[in-house]
Amino acid sequence: MGKSSRRKGHGPEKSERAKRAALERLMAKAETLSRLSEAGTPPAEVAALLAARFPDWAGAGSVVASRLRAGAPLSDVEEIGRLLLAGAGDPPALAVLSFAAAAAHAAGDEEAEHRHTARLLARASDADGDRPWLDAVSMISNMGHPGEAIELIEPYVRDHPGDQSAAYSYSFMLQEAHRLASAGEKERAALERFADASGLAELKRAVMGFMDRTEWGDLIRGKSARTLDLLPQESLTVPALDECASLALEAAVKGTDIAADGKTPKQLIEMHQAGHQPRTVLTEFAAEPDTPAFLGRRAAAWAEHAHYGLWQMIYPDPSPGVGCVDVATGVRRYVAFPPSLLDGTPRWTVWLGGVIPVDGVWRAAGNGVRLSPLEADALAEAIDKAVEKLIMTTSGGMPLAEMLPPEPIPYGQARPWGVYWDCVDPPGEHYRLGVSSVVMMLAPRLAADVELHRSSYLRDVTSPALPASEAWLDQPNPALGGVTPRVAADGETLDNMRVEALIRQFEYQADLAGPFAKPGADLDRLRRELGMGADEDE
């Protein structure tokens, strides 16, 4: 009998067994972590579990805070630390040093805390991968020293702008520094560095100077002018036209690739698959021998990592940055916005524009348009259609200029994109990069469409009136397919998302009206009545 061509171990039964085993491991790990945090778990058991199950966990010191919050006495965590150190090898494992440092901090023993922390950082730096070191730095912040932790992590996030896990840790450190009632010198300095946008301004001036003395200037300005020619300029206000012109110039700076100019989508994909490296003004400026190294690094980060999207501001009050979700892709960023852009901004405002990593800080590129939640949903729907059209026409050779003008934007009829990413995992990196490019190219036309929509009678049709009373809960609602909010909240996931989208729009409108808002229903009470409570980001 000949050998079977079927690969061993890859059948559906094996796959299901592997999934079950992975799930069981995750559940066991969660159960162990819960056991570690329970105040009633004996110190000897906690020490044994950490040493056996999590020896390489540089964040093990977080168990100290968890146990103290659960009601365990300080002597409990001190005993665990003593047991871990007594049974440690040479050198001690990461978990031992992390827990010992946190226990010493809780006890007020600064000398022991600094000694264990220094050894923890040294051991974590020698470990495989960056995660142990990042966990160790996060532990320093968690122990009440965010300024020191920020000093340590800033060079890393500067040199690794694509590491979202590190950016996430960095954002928590910044928020901790901001929350400290009596911020120390290191915390104040860290917050000042985060707020300082001069690095981006300096980079923009340098790139524009490079354009002016090279052939790039005419090429990029010509491309941005052709984009503006696609707009109904005579129907736009002067401020709106200026904003569109700025967005068109930004897109041309980021997206003008000499080798790709004039290519069809199919040709562009073939170039990408062949490993083509774009040649843009940013990459050329970064490679220019006369460009200072720090400016070259910033330009390269702009070229590779800048992300254009619809940035939903969960809480627009900076602390010191603003947590954002891109309504078009689900990407999350902690963004430093100019204070002028945030002044009077209602909750759930969405900003159409780009964000750029500058020395590790994600900063608003500077040009953009503020949107209501429902306007953002409509634009996200149009962007989704444009991406679908891009994918469907790659075999037809249609030029980009003809392919990308948006379909009529479905104001008041779009899916609840602003809520969608609370329920669905974001897609992969390649898809996100593709959508970002489409948003960048469409941004001037989308901004123009929003301006025209706001000046038309349609705005009144697509901006729902704030609920006057709790009776709204039991009134059929066209936006919910004709059912009542109470029924929709008890229905399928999509119905839940539509209810949440409506309430976010109401919260936005109430914040926008401010003291001039008419008396209406208590929106927090509406949430509770629907069993939705406060949203998970509060």
# chains A, B, ... in the order shown; residues from 1 in each chain; ligands from 1
>>> residues_around(residues="range 234-239 of chain A", least_positions_apart="6", cutoff="12 Å", atoms="only C-alpha atoms", output="number ranges by chain")
A: 228, 245-246, 367-369, 444-445, 447-456
>>> residues_around(residues="Arg221 in chain A", least_positions_apart="4", cutoff="7 Å", atoms="only C-alpha atoms", output="ChimeraX atom specification")
/A:217,225,249
>>> write_last_selection(atoms="N, CA and C atoms", output="PDB file, in the first residue's frame")
ATOM      1  N   GLY A 217       8.977  69.094  -4.923  1.00  0.00           N
ATOM      2  CA  GLY A 217       8.009  70.156  -4.664  1.00  0.00           C
ATOM      3  C   GLY A 217       6.942  70.239  -5.734  1.00  0.00           C
ATOM      4  N   ALA A 225      -2.992  69.363  -6.141  1.00  0.00           N
ATOM      5  CA  ALA A 225      -3.882  70.225  -6.928  1.00  0.00           C
ATOM      6  C   ALA A 225      -4.863  69.386  -7.741  1.00  0.00           C
ATOM      7  N   LEU A 249      -2.590  67.928   0.511  1.00  0.00           N
ATOM      8  CA  LEU A 249      -1.135  68.050   0.541  1.00  0.00           C
ATOM      9  C   LEU A 249      -0.525  66.977   1.436  1.00  0.00           C
TER      10      LEU A 249
END
>>> closest_residue(among="A:Ala47, A:Val387, A:Ala382, A:Ala251", to="Trp302 in chain A", atoms="only C-alpha atoms")
A:Ala251
>>> residues_around(residues="Ala195 in chain A", least_positions_apart="2", cutoff="9 Å", atoms="only C-alpha atoms", output="PyMOL selection string")
chain A and resi 190-193+197+320-321+336-338
>>> closest_residue(among="A:Leu530, A:Ala118, A:Leu523, A:Leu174", to="Arg486 in chain A", atoms="only C-alpha atoms")
A:Leu530
>>> residues_around(residues="Gln175 in chain A", least_positions_apart="3", cutoff="10 Å", atoms="only C-alpha atoms", output="PyMOL selection string")
chain A and resi 146+170-172+178-180+191+318-322
>>> write_last_selection(atoms="C-alpha atoms", output="PDB file, in the first residue's frame")
ATOM      1  CA  PRO A 146       5.844  56.539  36.456  1.00  0.00           C
ATOM      2  CA  TYR A 170       3.565  53.793  27.709  1.00  0.00           C
ATOM      3  CA  SER A 171       0.064  55.295  27.645  1.00  0.00           C
ATOM      4  CA  PHE A 172      -0.726  53.819  31.069  1.00  0.00           C
ATOM      5  CA  HIS A 178      -1.024  62.694  35.049  1.00  0.00           C
ATOM      6  CA  ARG A 179      -3.121  61.288  37.907  1.00  0.00           C
ATOM      7  CA  LEU A 180      -0.499  61.813  40.603  1.00  0.00           C
ATOM      8  CA  LEU A 191       4.315  65.238  30.781  1.00  0.00           C
ATOM      9  CA  PRO A 318      -6.676  64.930  27.692  1.00  0.00           C
ATOM     10  CA  SER A 319      -5.048  62.924  30.484  1.00  0.00           C
ATOM     11  CA  PRO A 320      -2.529  63.861  29.047  1.00  0.00           C
ATOM     12  CA  GLY A 321      -3.428  62.189  25.714  1.00  0.00           C
ATOM     13  CA  VAL A 322      -6.733  60.907  24.361  1.00  0.00           C
TER      14      VAL A 322
END
>>> residues_around(residues="Ala301 in chain A", least_positions_apart="6", cutoff="8 Å", atoms="only C-alpha atoms", output="ChimeraX atom specification")
/A:161,356-358
>>> residues_around(residues="Trp348 in chain A", least_positions_apart="2", cutoff="9 Å", atoms="only C-alpha atoms", output="PyMOL selection string")
chain A and resi 312-316+345-346+350+372-373+418+504-505+507-508
>>> atom_distance(atom1="CA of Ala72 in chain A", atom2="CA of Leu97 in chain A")
20.4 Å
>>> residues_around(residues="Ala378 in chain A", least_positions_apart="5", cutoff="7 Å", atoms="only C-alpha atoms", output="PyMOL selection string")
chain A and resi 409-412+414
>>> write_last_selection(atoms="N, CA and C atoms", output="PDB file, in the first residue's frame")
ATOM      1  N   ILE A 409     -22.599  58.997   0.213  1.00  0.00           N
ATOM      2  CA  ILE A 409     -22.351  58.614   1.607  1.00  0.00           C
ATOM      3  C   ILE A 409     -23.684  58.442   2.328  1.00  0.00           C
ATOM      4  N   PRO A 410     -23.898  57.296   2.980  1.00  0.00           N
ATOM      5  CA  PRO A 410     -25.227  56.958   3.537  1.00  0.00           C
ATOM      6  C   PRO A 410     -25.480  57.579   4.912  1.00  0.00           C
ATOM      7  N   TYR A 411     -25.582  58.893   4.974  1.00  0.00           N
ATOM      8  CA  TYR A 411     -25.853  59.551   6.253  1.00  0.00           C
ATOM      9  C   TYR A 411     -27.182  59.057   6.824  1.00  0.00           C
ATOM     10  N   GLY A 412     -27.136  58.639   8.087  1.00  0.00           N
ATOM     11  CA  GLY A 412     -28.345  58.169   8.747  1.00  0.00           C
ATOM     12  C   GLY A 412     -28.754  56.758   8.387  1.00  0.00           C
ATOM     13  N   ALA A 414     -26.130  54.141   7.843  1.00  0.00           N
ATOM     14  CA  ALA A 414     -24.950  53.266   7.918  1.00  0.00           C
ATOM     15  C   ALA A 414     -25.037  52.313   9.104  1.00  0.00           C
TER      16      ALA A 414
END
>>> atom_distance(atom1="CA of Asp425 in chain A", atom2="CA of Glu388 in chain A")
19.1 Å
>>> closest_residue(among="A:Leu50, A:Leu85, A:Val419, A:Ala386", to="Ser437 in chain A", atoms="only C-alpha atoms")
A:Ala386
>>> select_by_dssp(residues="range 221-462 of chain A", states="strand (DSSP E)", output="ChimeraX atom specification")
/A:307-313,322-326,332-336,350-358,361-371
>>> select_by_dssp(residues="range 185-313 of chain A", states="helix (DSSP H, G or I)", output="MDAnalysis selection string")
chainID A and resid 185:195 198:212 216:229 233:235 238:255 258:260 265:273 281:287 293:305
>>> closest_residue(among="A:Trp472, A:Ala380, A:Glu151, A:Met441", to="Ile503 in chain A", atoms="only C-alpha atoms")
A:Trp472
>>> atom_distance(atom1="CA of Glu470 in chain A", atom2="CA of Gly344 in chain A")
27.6 Å
